Amino acid sequence: MNLVIALDVGGTNIRGELVDPAGTVHAASHEPTAGSDGEATLDAIERVCRALLVEAGDRPVGAVGLAVPGVVDSRTGVVLLAGNLGWRDTAVSEILGRRLGIPVLLHHDVNCAGLAERELGAGRGVDDMLAVFIGTGIAASLTVGGVAVGGGPNQAGELGHVVIREDGVDCPCGQRGCLERYCSASSIGLAYAAATGRDSATSLEVVQALGTDPLADKVWDDAITALALGILGAITLLGTERIVLGGGLAAAGDSLVGPLRAKLEEIVRVATVPEIVVAELGQRAGVIGAALATWKRLSDD
């Protein structure tokens, strides 16, 4: 089978790898993401792909697998909305496929990361998994009975927009009280800045100050409580065997896992608190998942 080019398009960087069916990486390339300029984003992706096509030489490349954030219709190759990339109703697969001369298969980035963790990372060996990725926002990948739950164009897994406080903070999505307004990495930083009277702060600073700064302890406890409330609904509905925590906030490790488990055990009444682990594949999860999803699509065709 041919090589594939697998790309993960994030808000900061575009990471690409040239991969064979055994998972061997033959080359890698990256570019900074062009912010909210949609055309510049397409150009940057094209440059990464062309650099990897040069590395492929005479070896055939069967497809490009592109993992992107936002509201994605992978069947049609259209990104319905990815505000951070400057795309709305953008036929990404068609545009890039025409430029590159090879098929471009579109995937959702969180679904790709969840697939990678399920197949090769912290989700191995379970049929019912909730992979929660916590960074600037929050999203989840769902596996039920060994099958990934994808949903339609408005795909499953938007855990960050589950409302946990009816009269809560306004969310850019138009709702109030969304989970990610309380426990995303960015929200935790904002809460700590407000509590300390600073202009800005990061979630990393909060983690570093735990146990020595009561304000950091309070901000962290509030975030953990919010996260537990959001996850409680998911595990009650799905009967999850294992929760995998990924994204930037997962770097907190035991400072995240231990308190989250304790809070869930405190509030649970019907569900069983599942095993909670940290994701294993780090920043490569999206690229690895894009490759896996692309091989699957190619083999199914």
# chains A, B, ... in the order shown; residues from 1 in each chain; ligands from 1
>>> select_by_dssp(residues="range 121-233 of chain A", states="strand (DSSP E or B)", output="mmCIF file with N, CA, C and O atoms, in the first residue's frame")
data_model
loop_
_atom_site.group_PDB
_atom_site.id
_atom_site.type_symbol
_atom_site.label_atom_id
_atom_site.label_comp_id
_atom_site.auth_asym_id
_atom_site.auth_seq_id
_atom_site.Cartn_x
_atom_site.Cartn_y
_atom_site.Cartn_z
ATOM 1 N N MET A 129 -14.603 3.958 26.035
ATOM 2 C CA MET A 129 -13.594 4.937 26.443
ATOM 3 C C MET A 129 -14.101 6.346 26.185
ATOM 4 O O MET A 129 -14.753 6.622 25.184
ATOM 5 N N LEU A 130 -13.782 7.220 27.116
ATOM 6 C CA LEU A 130 -14.023 8.651 26.950
ATOM 7 C C LEU A 130 -12.663 9.342 27.004
ATOM 8 O O LEU A 130 -12.008 9.346 28.046
ATOM 9 N N ALA A 131 -12.212 9.859 25.868
ATOM 10 C CA ALA A 131 -10.941 10.586 25.818
ATOM 11 C C ALA A 131 -11.264 12.077 25.820
ATOM 12 O O ALA A 131 -11.941 12.573 24.912
ATOM 13 N N VAL A 132 -10.815 12.777 26.851
ATOM 14 C CA VAL A 132 -11.127 14.193 27.032
ATOM 15 C C VAL A 132 -9.858 15.000 26.825
ATOM 16 O O VAL A 132 -8.870 14.807 27.549
ATOM 17 N N PHE A 133 -9.889 15.904 25.856
ATOM 18 C CA PHE A 133 -8.718 16.713 25.527
ATOM 19 C C PHE A 133 -8.976 18.145 26.000
ATOM 20 O O PHE A 133 -9.917 18.801 25.542
ATOM 21 N N ILE A 134 -8.131 18.604 26.913
ATOM 22 C CA ILE A 134 -8.338 19.884 27.586
ATOM 23 C C ILE A 134 -7.191 20.821 27.238
ATOM 24 O O ILE A 134 -6.043 20.592 27.636
ATOM 25 N N ILE A 138 -12.312 22.435 25.220
ATOM 26 C CA ILE A 138 -12.450 21.046 25.668
ATOM 27 C C ILE A 138 -13.279 20.294 24.634
ATOM 28 O O ILE A 138 -14.335 20.771 24.200
ATOM 29 N N ALA A 139 -12.799 19.125 24.244
ATOM 30 C CA ALA A 139 -13.578 18.253 23.372
ATOM 31 C C ALA A 139 -13.261 16.814 23.744
ATOM 32 O O ALA A 139 -12.277 16.540 24.435
ATOM 33 N N ALA A 140 -14.099 15.900 23.305
ATOM 34 C CA ALA A 140 -13.944 14.502 23.684
ATOM 35 C C ALA A 140 -14.099 13.592 22.480
ATOM 36 O O ALA A 140 -14.739 13.943 21.487
ATOM 37 N N SER A 141 -13.483 12.435 22.583
ATOM 38 C CA SER A 141 -13.656 11.362 21.622
ATOM 39 C C SER A 141 -14.335 10.208 22.350
ATOM 40 O O SER A 141 -13.887 9.802 23.429
ATOM 41 N N LEU A 142 -15.403 9.686 21.771
ATOM 42 C CA LEU A 142 -16.209 8.657 22.420
ATOM 43 C C LEU A 142 -16.049 7.320 21.715
ATOM 44 O O LEU A 142 -16.145 7.249 20.493
ATOM 45 N N THR A 143 -15.827 6.279 22.493
ATOM 46 C CA THR A 143 -15.823 4.918 21.969
ATOM 47 C C THR A 143 -16.808 4.108 22.788
ATOM 48 O O THR A 143 -16.691 4.046 24.024
ATOM 49 N N VAL A 144 -17.788 3.511 22.124
ATOM 50 C CA VAL A 144 -18.828 2.736 22.798
ATOM 51 C C VAL A 144 -18.903 1.366 22.149
ATOM 52 O O VAL A 144 -19.093 1.260 20.939
ATOM 53 N N VAL A 147 -16.686 0.836 19.167
ATOM 54 C CA VAL A 147 -16.946 1.612 17.957
ATOM 55 C C VAL A 147 -16.869 3.097 18.283
ATOM 56 O O VAL A 147 -17.482 3.569 19.252
ATOM 57 N N ALA A 148 -16.122 3.846 17.470
ATOM 58 C CA ALA A 148 -16.045 5.290 17.650
ATOM 59 C C ALA A 148 -17.381 5.923 17.302
ATOM 60 O O ALA A 148 -17.998 5.582 16.288
ATOM 61 N N VAL A 149 -17.837 6.844 18.149
ATOM 62 C CA VAL A 149 -19.092 7.550 17.913
ATOM 63 C C VAL A 149 -18.761 8.863 17.218
ATOM 64 O O VAL A 149 -18.182 9.765 17.828
ATOM 65 N N VAL A 163 -23.692 22.271 29.085
ATOM 66 C CA VAL A 163 -23.984 23.313 30.078
ATOM 67 C C VAL A 163 -24.006 22.698 31.471
ATOM 68 O O VAL A 163 -24.739 21.748 31.738
ATOM 69 N N ASP A 170 -21.212 33.601 30.002
ATOM 70 C CA ASP A 170 -21.504 33.561 28.566
ATOM 71 C C ASP A 170 -20.381 32.836 27.822
ATOM 72 O O ASP A 170 -19.199 32.998 28.132
ATOM 73 N N ARG A 176 -24.841 29.709 27.754
ATOM 74 C CA ARG A 176 -24.282 30.185 29.019
ATOM 75 C C ARG A 176 -23.935 28.987 29.889
ATOM 76 O O ARG A 176 -24.646 27.979 29.902
ATOM 77 N N CYS A 178 -21.216 26.948 29.778
ATOM 78 C CA CYS A 178 -20.567 25.787 29.150
ATOM 79 C C CYS A 178 -19.365 25.328 29.980
ATOM 80 O O CYS A 178 -18.639 26.137 30.571
#
>>> residues_around(residues="range 48-62 of chain A", least_positions_apart="5", cutoff="9 Å", atoms="only C-alpha atoms", output="ChimeraX atom specification")
/A:1-7,14-18,26-31,43,100,102-103,298
>>> residues_around(residues="Thr33 in chain A", least_positions_apart="2", cutoff="6 Å", atoms="only C-alpha atoms", output="ChimeraX atom specification")
/A:12-14,35
>>> closest_residue(among="A:Val64, A:Ala122, A:Ala116, A:Pro69", to="Gly101 in chain A", atoms="only C-alpha atoms")
A:Val64
>>> closest_residue(among="A:Asp127, A:Asp221, A:Asp89, A:Asp199", to="Arg242 in chain A", atoms="only C-alpha atoms")
A:Asp127
>>> closest_residue(among="A:Leu42, A:Val126, A:Val257, A:Ala279", to="Gly239 in chain A", atoms="only C-alpha atoms")
A:Val126
>>> residues_around(residues="range 107-115 of chain A", least_positions_apart="4", cutoff="7 Å", atoms="only C-alpha atoms", output="ChimeraX atom specification")
/A:8,66-69,72,74,119,131,139-141,285-286,289-290,293
>>> residues_around(residues="Ser186 in chain A", least_positions_apart="3", cutoff="12 Å", atoms="only C-alpha atoms", output="PyMOL selection string")
chain A and resi 134-138+180-183+189-193+200-206+223+247-249
>>> decode(residues="range 50-201 of chain A", atoms="C-alpha atoms", output="PDB file, in the first residue's frame")
ATOM      1  CA  ARG A  50       4.722  19.630  -0.956  1.00  0.00           C
ATOM      2  CA  ALA A  51       7.771  19.370   1.303  1.00  0.00           C
ATOM      3  CA  LEU A  52       6.733  15.829   2.228  1.00  0.00           C
ATOM      4  CA  LEU A  53       5.973  14.917  -1.378  1.00  0.00           C
ATOM      5  CA  VAL A  54       9.561  15.897  -2.219  1.00  0.00           C
ATOM      6  CA  GLU A  55      10.758  13.591   0.566  1.00  0.00           C
ATOM      7  CA  ALA A  56       8.637  10.769  -0.851  1.00  0.00           C
ATOM      8  CA  GLY A  57      10.567  10.909  -4.124  1.00  0.00           C
ATOM      9  CA  ASP A  58       9.467   8.116  -6.448  1.00  0.00           C
ATOM     10  CA  ARG A  59       7.441   6.349  -3.763  1.00  0.00           C
ATOM     11  CA  PRO A  60       3.708   6.789  -4.427  1.00  0.00           C
ATOM     12  CA  VAL A  61       1.604   8.748  -1.924  1.00  0.00           C
ATOM     13  CA  GLY A  62      -1.980   7.508  -1.816  1.00  0.00           C
ATOM     14  CA  ALA A  63      -3.633  10.381   0.040  1.00  0.00           C
ATOM     15  CA  VAL A  64      -3.309  13.240   2.455  1.00  0.00           C
ATOM     16  CA  GLY A  65      -5.086  12.758   5.794  1.00  0.00           C
ATOM     17  CA  LEU A  66      -5.914  16.124   7.327  1.00  0.00           C
ATOM     18  CA  ALA A  67      -6.988  16.447  10.978  1.00  0.00           C
ATOM     19  CA  VAL A  68      -8.559  19.836  11.698  1.00  0.00           C
ATOM     20  CA  PRO A  69     -10.521  21.422  14.562  1.00  0.00           C
ATOM     21  CA  GLY A  70     -14.001  22.864  14.345  1.00  0.00           C
ATOM     22  CA  VAL A  71     -17.219  21.576  12.801  1.00  0.00           C
ATOM     23  CA  VAL A  72     -16.132  19.146  10.112  1.00  0.00           C
ATOM     24  CA  ASP A  73     -18.087  17.070   7.603  1.00  0.00           C
ATOM     25  CA  SER A  74     -15.549  14.370   6.833  1.00  0.00           C
ATOM     26  CA  ARG A  75     -17.846  12.731   4.277  1.00  0.00           C
ATOM     27  CA  THR A  76     -17.916  15.747   1.977  1.00  0.00           C
ATOM     28  CA  GLY A  77     -14.520  17.176   2.936  1.00  0.00           C
ATOM     29  CA  VAL A  78     -16.072  20.496   3.964  1.00  0.00           C
ATOM     30  CA  VAL A  79     -15.132  22.432   7.095  1.00  0.00           C
ATOM     31  CA  LEU A  80     -18.383  24.028   8.170  1.00  0.00           C
ATOM     32  CA  LEU A  81     -16.712  26.220  10.773  1.00  0.00           C
ATOM     33  CA  ALA A  82     -13.168  26.550  12.071  1.00  0.00           C
ATOM     34  CA  GLY A  83     -12.946  30.134  13.270  1.00  0.00           C
ATOM     35  CA  ASN A  84      -9.322  29.970  14.409  1.00  0.00           C
ATOM     36  CA  LEU A  85      -8.302  28.847  10.910  1.00  0.00           C
ATOM     37  CA  GLY A  86     -10.498  31.304   9.014  1.00  0.00           C
ATOM     38  CA  TRP A  87     -12.733  28.673   7.430  1.00  0.00           C
ATOM     39  CA  ARG A  88     -16.511  28.677   7.081  1.00  0.00           C
ATOM     40  CA  ASP A  89     -18.216  26.301   4.620  1.00  0.00           C
ATOM     41  CA  THR A  90     -14.810  25.731   3.027  1.00  0.00           C
ATOM     42  CA  ALA A  91     -14.370  22.752   0.687  1.00  0.00           C
ATOM     43  CA  VAL A  92     -10.910  21.980   2.055  1.00  0.00           C
ATOM     44  CA  SER A  93     -10.583  18.497   0.544  1.00  0.00           C
ATOM     45  CA  GLU A  94     -11.553  19.674  -2.932  1.00  0.00           C
ATOM     46  CA  ILE A  95      -9.324  22.763  -2.863  1.00  0.00           C
ATOM     47  CA  LEU A  96      -6.207  21.013  -1.601  1.00  0.00           C
ATOM     48  CA  GLY A  97      -6.834  17.904  -3.681  1.00  0.00           C
ATOM     49  CA  ARG A  98      -6.945  20.028  -6.815  1.00  0.00           C
ATOM     50  CA  ARG A  99      -3.727  21.837  -5.867  1.00  0.00           C
ATOM     51  CA  LEU A 100      -1.786  18.701  -4.915  1.00  0.00           C
ATOM     52  CA  GLY A 101      -3.182  16.235  -7.429  1.00  0.00           C
ATOM     53  CA  ILE A 102      -3.895  13.530  -4.829  1.00  0.00           C
ATOM     54  CA  PRO A 103      -6.939  12.789  -2.654  1.00  0.00           C
ATOM     55  CA  VAL A 104      -7.235  14.798   0.568  1.00  0.00           C
ATOM     56  CA  LEU A 105      -9.304  13.112   3.294  1.00  0.00           C
ATOM     57  CA  LEU A 106     -10.669  15.323   6.048  1.00  0.00           C
ATOM     58  CA  HIS A 107     -10.901  14.229   9.691  1.00  0.00           C
ATOM     59  CA  HIS A 108     -11.781  15.886  12.992  1.00  0.00           C
ATOM     60  CA  ASP A 109      -8.666  16.445  15.104  1.00  0.00           C
ATOM     61  CA  VAL A 110     -10.077  15.230  18.415  1.00  0.00           C
ATOM     62  CA  ASN A 111     -11.526  12.100  16.814  1.00  0.00           C
ATOM     63  CA  CYS A 112      -8.082  11.435  15.339  1.00  0.00           C
ATOM     64  CA  ALA A 113      -6.347  11.914  18.679  1.00  0.00           C
ATOM     65  CA  GLY A 114      -8.889   9.643  20.352  1.00  0.00           C
ATOM     66  CA  LEU A 115      -8.408   6.984  17.666  1.00  0.00           C
ATOM     67  CA  ALA A 116      -4.643   7.090  18.169  1.00  0.00           C
ATOM     68  CA  GLU A 117      -4.937   6.749  21.944  1.00  0.00           C
ATOM     69  CA  ARG A 118      -7.459   3.925  21.549  1.00  0.00           C
ATOM     70  CA  GLU A 119      -5.341   1.955  19.097  1.00  0.00           C
ATOM     71  CA  LEU A 120      -1.800   2.715  20.229  1.00  0.00           C
ATOM     72  CA  GLY A 121      -1.922   4.713  23.467  1.00  0.00           C
ATOM     73  CA  ALA A 122      -3.638   4.912  26.835  1.00  0.00           C
ATOM     74  CA  GLY A 123      -6.960   3.519  25.571  1.00  0.00           C
ATOM     75  CA  ARG A 124      -5.674   0.123  24.501  1.00  0.00           C
ATOM     76  CA  GLY A 125      -7.679  -2.862  25.691  1.00  0.00           C
ATOM     77  CA  VAL A 126     -11.035  -1.226  26.477  1.00  0.00           C
ATOM     78  CA  ASP A 127     -14.237  -1.094  24.436  1.00  0.00           C
ATOM     79  CA  ASP A 128     -15.833   1.887  26.193  1.00  0.00           C
ATOM     80  CA  MET A 129     -13.594   4.937  26.443  1.00  0.00           C
ATOM     81  CA  LEU A 130     -14.023   8.651  26.950  1.00  0.00           C
ATOM     82  CA  ALA A 131     -10.941  10.586  25.818  1.00  0.00           C
ATOM     83  CA  VAL A 132     -11.127  14.193  27.032  1.00  0.00           C
ATOM     84  CA  PHE A 133      -8.718  16.713  25.527  1.00  0.00           C
ATOM     85  CA  ILE A 134      -8.338  19.884  27.586  1.00  0.00           C
ATOM     86  CA  GLY A 135      -6.519  22.855  26.126  1.00  0.00           C
ATOM     87  CA  THR A 136      -7.780  26.231  24.969  1.00  0.00           C
ATOM     88  CA  GLY A 137     -11.147  24.494  24.754  1.00  0.00           C
ATOM     89  CA  ILE A 138     -12.450  21.046  25.668  1.00  0.00           C
ATOM     90  CA  ALA A 139     -13.578  18.253  23.372  1.00  0.00           C
ATOM     91  CA  ALA A 140     -13.944  14.502  23.684  1.00  0.00           C
ATOM     92  CA  SER A 141     -13.656  11.362  21.622  1.00  0.00           C
ATOM     93  CA  LEU A 142     -16.209   8.657  22.420  1.00  0.00           C
ATOM     94  CA  THR A 143     -15.823   4.918  21.969  1.00  0.00           C
ATOM     95  CA  VAL A 144     -18.828   2.736  22.798  1.00  0.00           C
ATOM     96  CA  GLY A 145     -18.758  -1.040  22.392  1.00  0.00           C
ATOM     97  CA  GLY A 146     -15.468  -0.758  20.545  1.00  0.00           C
ATOM     98  CA  VAL A 147     -16.946   1.612  17.957  1.00  0.00           C
ATOM     99  CA  ALA A 148     -16.045   5.290  17.650  1.00  0.00           C
ATOM    100  CA  VAL A 149     -19.092   7.550  17.913  1.00  0.00           C
ATOM    101  CA  GLY A 150     -18.749  10.136  15.170  1.00  0.00           C
ATOM    102  CA  GLY A 151     -22.195  11.654  14.818  1.00  0.00           C
ATOM    103  CA  GLY A 152     -23.206  13.765  11.826  1.00  0.00           C
ATOM    104  CA  PRO A 153     -21.705  17.032  10.589  1.00  0.00           C
ATOM    105  CA  ASN A 154     -22.204  18.453  14.085  1.00  0.00           C
ATOM    106  CA  GLN A 155     -20.061  15.642  15.410  1.00  0.00           C
ATOM    107  CA  ALA A 156     -20.329  13.939  18.764  1.00  0.00           C
ATOM    108  CA  GLY A 157     -17.859  14.820  21.490  1.00  0.00           C
ATOM    109  CA  GLU A 158     -18.431  18.543  22.115  1.00  0.00           C
ATOM    110  CA  LEU A 159     -18.091  18.016  25.859  1.00  0.00           C
ATOM    111  CA  GLY A 160     -16.852  21.570  26.332  1.00  0.00           C
ATOM    112  CA  HIS A 161     -20.274  22.892  25.357  1.00  0.00           C
ATOM    113  CA  VAL A 162     -22.265  20.791  27.787  1.00  0.00           C
ATOM    114  CA  VAL A 163     -23.984  23.313  30.078  1.00  0.00           C
ATOM    115  CA  ILE A 164     -23.155  22.756  33.738  1.00  0.00           C
ATOM    116  CA  ARG A 165     -24.420  26.087  35.122  1.00  0.00           C
ATOM    117  CA  GLU A 166     -27.663  27.361  33.640  1.00  0.00           C
ATOM    118  CA  ASP A 167     -27.068  30.983  34.671  1.00  0.00           C
ATOM    119  CA  GLY A 168     -23.307  30.795  34.186  1.00  0.00           C
ATOM    120  CA  VAL A 169     -20.689  32.627  32.163  1.00  0.00           C
ATOM    121  CA  ASP A 170     -21.504  33.561  28.566  1.00  0.00           C
ATOM    122  CA  CYS A 171     -19.807  31.315  26.007  1.00  0.00           C
ATOM    123  CA  PRO A 172     -18.800  32.372  22.477  1.00  0.00           C
ATOM    124  CA  CYS A 173     -20.970  29.524  21.191  1.00  0.00           C
ATOM    125  CA  GLY A 174     -24.049  31.472  22.321  1.00  0.00           C
ATOM    126  CA  GLN A 175     -24.907  29.370  25.367  1.00  0.00           C
ATOM    127  CA  ARG A 176     -24.282  30.185  29.019  1.00  0.00           C
ATOM    128  CA  GLY A 177     -22.470  28.057  31.568  1.00  0.00           C
ATOM    129  CA  CYS A 178     -20.567  25.787  29.150  1.00  0.00           C
ATOM    130  CA  LEU A 179     -18.070  23.425  30.751  1.00  0.00           C
ATOM    131  CA  GLU A 180     -15.034  24.877  28.981  1.00  0.00           C
ATOM    132  CA  ARG A 181     -15.732  28.308  30.450  1.00  0.00           C
ATOM    133  CA  TYR A 182     -14.747  26.860  33.830  1.00  0.00           C
ATOM    134  CA  CYS A 183     -12.075  24.225  33.329  1.00  0.00           C
ATOM    135  CA  SER A 184     -10.273  24.682  30.033  1.00  0.00           C
ATOM    136  CA  ALA A 185      -6.612  25.629  30.388  1.00  0.00           C
ATOM    137  CA  SER A 186      -7.364  29.156  29.208  1.00  0.00           C
ATOM    138  CA  SER A 187     -10.311  29.572  31.608  1.00  0.00           C
ATOM    139  CA  ILE A 188      -8.213  28.397  34.553  1.00  0.00           C
ATOM    140  CA  GLY A 189      -5.557  30.979  33.684  1.00  0.00           C
ATOM    141  CA  LEU A 190      -8.180  33.714  33.436  1.00  0.00           C
ATOM    142  CA  ALA A 191      -9.707  32.742  36.789  1.00  0.00           C
ATOM    143  CA  TYR A 192      -6.311  32.840  38.501  1.00  0.00           C
ATOM    144  CA  ALA A 193      -5.496  36.222  36.979  1.00  0.00           C
ATOM    145  CA  ALA A 194      -8.801  37.598  38.254  1.00  0.00           C
ATOM    146  CA  ALA A 195      -8.276  36.124  41.715  1.00  0.00           C
ATOM    147  CA  THR A 196      -4.766  37.551  42.053  1.00  0.00           C
ATOM    148  CA  GLY A 197      -5.445  40.885  40.378  1.00  0.00           C
ATOM    149  CA  ARG A 198      -2.926  40.201  37.625  1.00  0.00           C
ATOM    150  CA  ASP A 199      -3.296  41.110  33.963  1.00  0.00           C
ATOM    151  CA  SER A 200      -2.724  37.524  32.852  1.00  0.00           C
ATOM    152  CA  ALA A 201      -1.856  34.061  34.125  1.00  0.00           C
TER     153      ALA A 201
END
